[in-house]
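The file data-v2.cif comes next; it holds mmCIF, C-alpha atoms.
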data_run
#
loop_
_atom_site.group_PDB
_atom_site.id
_atom_site.type_symbol
_atom_site.label_atom_id
_atom_site.label_comp_id
_atom_site.auth_asym_id
_atom_site.auth_seq_id
_atom_site.Cartn_x
_atom_site.Cartn_y
_atom_site.Cartn_z
ATOM 1 C CA MET E 1 -26.513 18.221 -3.417
ATOM 2 C CA PRO E 2 -30.322 18.319 -3.697
ATOM 3 C CA ASP E 3 -31.915 20.805 -6.044
ATOM 4 C CA ARG E 4 -34.503 23.374 -4.956
ATOM 5 C CA LEU E 5 -37.442 21.275 -6.163
ATOM 6 C CA SER E 6 -36.325 18.276 -4.084
ATOM 7 C CA ILE E 7 -35.960 20.471 -1.018
ATOM 8 C CA ALA E 8 -39.401 22.043 -1.568
ATOM 9 C CA ILE E 9 -41.019 18.620 -1.911
ATOM 10 C CA PHE E 10 -39.208 17.320 1.204
ATOM 11 C CA PHE E 11 -40.625 20.132 3.319
ATOM 12 C CA ALA E 12 -43.975 20.810 1.685
ATOM 13 C CA PHE E 13 -45.344 17.413 0.669
ATOM 14 C CA PRO E 14 -46.418 16.133 4.115
ATOM 15 C CA LEU E 15 -48.257 19.347 4.940
ATOM 16 C CA ALA E 16 -49.668 19.646 1.419
ATOM 17 C CA MET E 17 -51.256 16.230 1.888
ATOM 18 C CA ALA E 18 -52.702 17.411 5.195
ATOM 19 C CA ALA E 19 -54.069 20.493 3.434
ATOM 20 C CA ALA E 20 -55.760 18.303 0.860
ATOM 21 C CA ALA E 21 -57.353 16.391 3.730
ATOM 22 C CA GLY E 22 -58.782 19.657 5.049
ATOM 23 C CA ILE E 23 -56.855 19.854 8.313
ATOM 24 C CA VAL E 24 -54.991 23.074 7.693
ATOM 25 C CA ALA E 25 -54.861 25.712 10.388
ATOM 26 C CA SER E 26 -53.852 29.299 9.810
ATOM 27 C CA CYS E 27 -50.556 30.444 11.246
ATOM 28 C CA GLY E 28 -51.252 34.030 10.366
ATOM 29 C CA GLY E 29 -47.917 35.779 10.549
ATOM 30 C CA ALA E 30 -46.470 33.488 13.215
ATOM 31 C CA GLU E 31 -42.780 34.276 13.524
ATOM 32 C CA GLY E 32 -40.707 31.386 12.326
ATOM 33 C CA GLY E 33 -43.804 29.723 10.938
ATOM 34 C CA GLY E 34 -44.289 28.597 7.390
ATOM 35 C CA LEU E 35 -47.112 29.471 5.100
ATOM 36 C CA LEU E 36 -48.766 26.108 5.529
ATOM 37 C CA CYS E 37 -49.699 24.857 8.969
ATOM 38 C CA VAL E 38 -51.619 21.884 10.283
ATOM 39 C CA ARG E 39 -53.446 21.252 13.515
ATOM 40 C CA ILE E 40 -51.464 19.398 16.137
ATOM 41 C CA GLN E 41 -52.813 17.683 19.230
ATOM 42 C CA ALA E 42 -51.149 16.719 22.491
ATOM 43 C CA ALA E 43 -51.005 13.057 21.448
ATOM 44 C CA ASP E 44 -48.891 14.002 18.387
ATOM 45 C CA LEU E 45 -45.893 14.857 20.601
ATOM 46 C CA THR E 46 -43.342 12.065 20.880
ATOM 47 C CA ASP E 47 -41.062 13.998 23.244
ATOM 48 C CA GLY E 48 -40.526 17.610 24.281
ATOM 49 C CA ASP E 49 -39.042 18.634 20.938
ATOM 50 C CA SER E 50 -40.470 16.096 18.468
ATOM 51 C CA ALA E 51 -43.863 15.367 16.972
ATOM 52 C CA ARG E 52 -45.278 12.790 14.597
ATOM 53 C CA LEU E 53 -48.172 13.586 12.267
ATOM 54 C CA GLY E 54 -49.407 11.504 9.358
ATOM 55 C CA GLY E 55 -46.493 9.094 9.645
ATOM 56 C CA ARG E 56 -43.909 11.899 9.445
ATOM 57 C CA SER E 57 -41.595 13.019 12.255
ATOM 58 C CA TYR E 58 -40.937 16.745 12.871
ATOM 59 C CA ARG E 59 -38.201 18.417 14.923
ATOM 60 C CA LEU E 60 -39.755 21.150 17.022
ATOM 61 C CA THR E 61 -37.948 24.412 17.543
ATOM 62 C CA GLY E 62 -38.712 27.873 18.836
ATOM 63 C CA ALA E 63 -39.898 30.697 16.619
ATOM 64 C CA LYS E 64 -37.004 32.953 17.637
ATOM 65 C CA THR E 65 -34.407 30.497 18.908
ATOM 66 C CA PRO E 66 -33.775 26.752 18.537
ATOM 67 C CA ILE E 67 -34.680 24.509 21.453
ATOM 68 C CA ASN E 68 -33.594 21.150 22.757
ATOM 69 C CA ALA E 69 -35.565 19.073 25.246
ATOM 70 C CA PRO E 70 -34.191 16.107 27.211
ATOM 71 C CA GLU E 71 -34.429 12.636 25.718
ATOM 72 C CA THR E 72 -37.096 10.271 27.030
ATOM 73 C CA ARG E 73 -35.539 6.820 26.624
ATOM 74 C CA ALA E 74 -32.932 5.827 29.190
ATOM 75 C CA GLY E 75 -30.148 3.761 27.673
ATOM 76 C CA ALA E 76 -30.689 5.135 24.173
ATOM 77 C CA ALA E 77 -27.662 6.503 22.359
ATOM 78 C CA GLY E 78 -27.839 10.255 22.071
ATOM 79 C CA ARG E 79 -25.991 12.468 19.618
ATOM 80 C CA ALA E 80 -22.198 11.986 19.589
ATOM 81 C CA GLY E 81 -22.519 8.624 21.323
ATOM 82 C CA ALA E 82 -23.700 9.943 24.706
ATOM 83 C CA THR E 83 -25.997 7.525 26.495
ATOM 84 C CA VAL E 84 -29.260 8.855 27.864
ATOM 85 C CA THR E 85 -29.269 8.361 31.629
ATOM 86 C CA ARG E 86 -32.263 7.541 33.798
ATOM 87 C CA ARG E 87 -32.160 11.081 35.220
ATOM 88 C CA GLU E 88 -32.289 12.654 31.752
ATOM 89 C CA ALA E 89 -35.129 10.303 30.798
ATOM 90 C CA GLU E 90 -37.040 11.470 33.896
ATOM 91 C CA TRP E 91 -36.578 15.071 32.713
ATOM 92 C CA GLY E 92 -37.656 13.922 29.264
ATOM 93 C CA ALA E 93 -40.891 12.472 30.665
ATOM 94 C CA LYS E 94 -41.560 15.775 32.472
ATOM 95 C CA ALA E 95 -40.902 17.721 29.257
ATOM 96 C CA LEU E 96 -43.258 15.489 27.276
ATOM 97 C CA GLU E 97 -45.971 15.777 29.943
ATOM 98 C CA HIS E 98 -45.650 19.580 30.050
ATOM 99 C CA GLY E 99 -45.657 19.805 26.250
ATOM 100 C CA ARG E 100 -48.851 17.769 26.110
ATOM 101 C CA ARG E 101 -50.442 20.059 28.718
ATOM 102 C CA LEU E 102 -49.502 23.072 26.577
ATOM 103 C CA LEU E 103 -51.190 21.400 23.606
ATOM 104 C CA ALA E 104 -54.295 20.282 25.509
ATOM 105 C CA GLY E 105 -56.338 22.705 23.387
ATOM 106 C CA GLY E 106 -54.464 21.873 20.201
ATOM 107 C CA GLY E 107 -52.139 24.128 18.266
ATOM 108 C CA ALA E 108 -50.763 24.864 14.822
ATOM 109 C CA LEU E 109 -47.588 23.159 13.583
ATOM 110 C CA CYS E 110 -45.848 25.247 10.900
ATOM 111 C CA LEU E 111 -42.815 24.271 8.827
ATOM 112 C CA THR E 112 -39.837 26.613 9.094
ATOM 113 C CA GLY E 113 -38.224 25.563 5.811
ATOM 114 C CA GLU E 114 -35.169 24.375 7.771
ATOM 115 C CA ASP E 115 -33.795 20.873 8.113
ATOM 116 C CA GLY E 116 -34.348 19.646 11.675
ATOM 117 C CA GLY E 117 -31.766 16.879 11.349
ATOM 118 C CA PHE E 118 -32.129 13.105 11.173
ATOM 119 C CA GLY E 119 -34.258 13.453 8.023
ATOM 120 C CA ARG E 120 -36.904 15.540 9.773
ATOM 121 C CA PRO E 121 -38.200 18.956 8.770
ATOM 122 C CA ALA E 122 -38.050 21.625 11.486
ATOM 123 C CA ALA E 123 -41.341 23.126 12.657
ATOM 124 C CA VAL E 124 -42.648 25.603 15.190
ATOM 125 C CA ILE E 125 -45.892 25.309 17.118
ATOM 126 C CA ARG E 126 -48.189 28.199 17.842
ATOM 127 C CA LEU E 127 -50.332 27.513 20.900
ATOM 128 C CA PRO E 128 -54.044 28.425 20.973
ATOM 129 C CA ASP E 129 -53.289 31.527 23.075
ATOM 130 C CA GLY E 130 -50.755 32.716 20.460
ATOM 131 C CA ARG E 131 -47.620 31.814 22.437
ATOM 132 C CA ASP E 132 -44.678 29.985 20.898
ATOM 133 C CA TYR E 133 -44.409 26.375 22.109
ATOM 134 C CA GLY E 134 -40.594 26.427 22.084
ATOM 135 C CA ALA E 135 -40.409 29.594 24.168
ATOM 136 C CA ALA E 136 -42.966 28.169 26.616
ATOM 137 C CA MET E 137 -40.884 25.003 27.034
ATOM 138 C CA VAL E 138 -37.700 27.024 27.703
ATOM 139 C CA GLU E 139 -39.584 29.305 30.114
ATOM 140 C CA ALA E 140 -40.781 26.241 32.044
ATOM 141 C CA GLY E 141 -37.184 24.982 32.325
ATOM 142 C CA LEU E 142 -37.991 21.868 30.290
ATOM 143 C CA ALA E 143 -35.964 22.756 27.198
ATOM 144 C CA THR E 144 -32.751 24.647 26.595
ATOM 145 C CA PRO E 145 -32.390 27.411 23.982
ATOM 146 C CA THR E 146 -29.920 25.517 21.795
ATOM 147 C CA GLU E 147 -29.809 22.884 19.060
ATOM 148 C CA ARG E 148 -27.084 20.946 20.902
ATOM 149 C CA ARG E 149 -27.949 17.964 23.019
ATOM 150 C CA GLU E 150 -27.517 18.975 26.634
ATOM 151 C CA HIS E 151 -27.054 15.601 28.368
ATOM 152 C CA ASP E 152 -24.825 17.084 31.088
ATOM 153 C CA HIS E 153 -27.355 19.850 31.777
ATOM 154 C CA TRP E 154 -30.153 17.362 32.526
ATOM 155 C CA ASN E 155 -27.906 14.971 34.456
ATOM 156 C CA ALA E 156 -26.690 17.734 36.773
ATOM 157 C CA LYS E 157 -30.039 18.464 38.399
ATOM 158 C CA GLU E 158 -32.852 16.556 40.050
ATOM 159 C CA PRO E 159 -36.098 16.189 38.096
#
Output the file's structure as structure tokens, nothing else.
Amino acid sequence: MPDRLSIAIFFAFPLAMAAAAGIVASCGGAEGGGLLCVRIQAADLTDGDSARLGGRSYRLTGAKTPINAPETRAGAAGRAGATVTRREAEWGAKALEHGRRLLAGGGALCLTGEDGGFGRPAAVIRLPDGRDYGAAMVEAGLATPTERREHDHWNAKEP
């Protein structure tokens, strides 16, 4: 079991390096946000609930509730062996496109201190207008308010 120092380094090091580079943004008191935040741009999103900054992948979540967006790669193996269908991948492309529109003016990515799974720290994004990215994705119908993969949910409806 990792000790507290290892956990702190796992979560804080990538953003601490960003801070040293002078790219820190203030999260103020953003609910679910960490103390240290960095600027995020639309191009940093890799799908509706993932981002990559400075060579590190982050699992995006909502400030008040976890989120899950559809996968973007048809044929890829999802969690628990489920295969991502073409329909889910079409939803995934829509989620990514919408997420990038939300971040057209940038945003602030803040660590939550939680483990996002698959070796990724969990993070929330505060949009320039103060809204929570995760909540905006759920409101748009392009993410579900859960941590579970929802393959059946995306396969059951037309994109």
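You can rank E:Trp154, E:Ala63, E:Ser57, E:Arg149 by their closest distance to Leu127 of chain E using only C-alpha atoms, and at the top of that list sits E:Ala63.
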From the list E:Leu111, E:Glu158, E:Thr46, E:Ala93, which residue is nearest Ala123 of chain E when using all atoms listed in the file?
E:Leu111
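What the PyMOL selection byres ((chain E and resi 85-91) around 8) matches in the given file is E:Pro70, E:Glu71, E:Thr72, E:Arg73, E:Ala74, E:Gly75, E:Thr83, E:Val84, E:Gly92, E:Ala93, E:Lys94, E:Ala95, E:Leu142, E:His151, E:Trp154, E:Asn155, E:Glu158, E:Pro159.
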Nearest to Gly134 of chain E, restricted to all atoms listed in the file and choosing among E:Gly99, E:Gly62, E:Gly105, E:Gly48, comes out as E:Gly62
Spatial sel., origin (-47.2, 13.6, 18.4), limit 10 Å, all atoms listed in the file, listed as a ChimeraX atom specification:
/E:40-58,96,100
Using all atoms listed in the file, collect all residues at a distance of at most 8 Å from (-33.9, 24.3, 20.9) as written in the file, then present them as an MDAnalysis selection string.
chainID E and resid 49 60:62 65:69 134 143:148
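For the pair atom CA of His98 of chain E and atom CA of Gly141 of chain E, the separation is 10.3 Å.
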I'd like the interatomic distance between atom CA of Leu36 of chain E and atom CA of Glu97 of chain E, to a tenth of an Å.
26.7 Å
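Using all atoms listed in the file, the nearest neighbour of Val124 of chain E within the list E:Val138, E:Leu109, E:Lys64, E:Ala76 is E:Leu109.
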Expected selection from the PyMOL selection byres ((chain E and resi 129) around 10), given as an MDAnalysis selection string:
chainID E and resid 102 105 107 126:128 130:132
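With atom CA of Leu103 of chain E on one side and atom CA of His153 of chain E on the other, the separation reads 25.2 Å.
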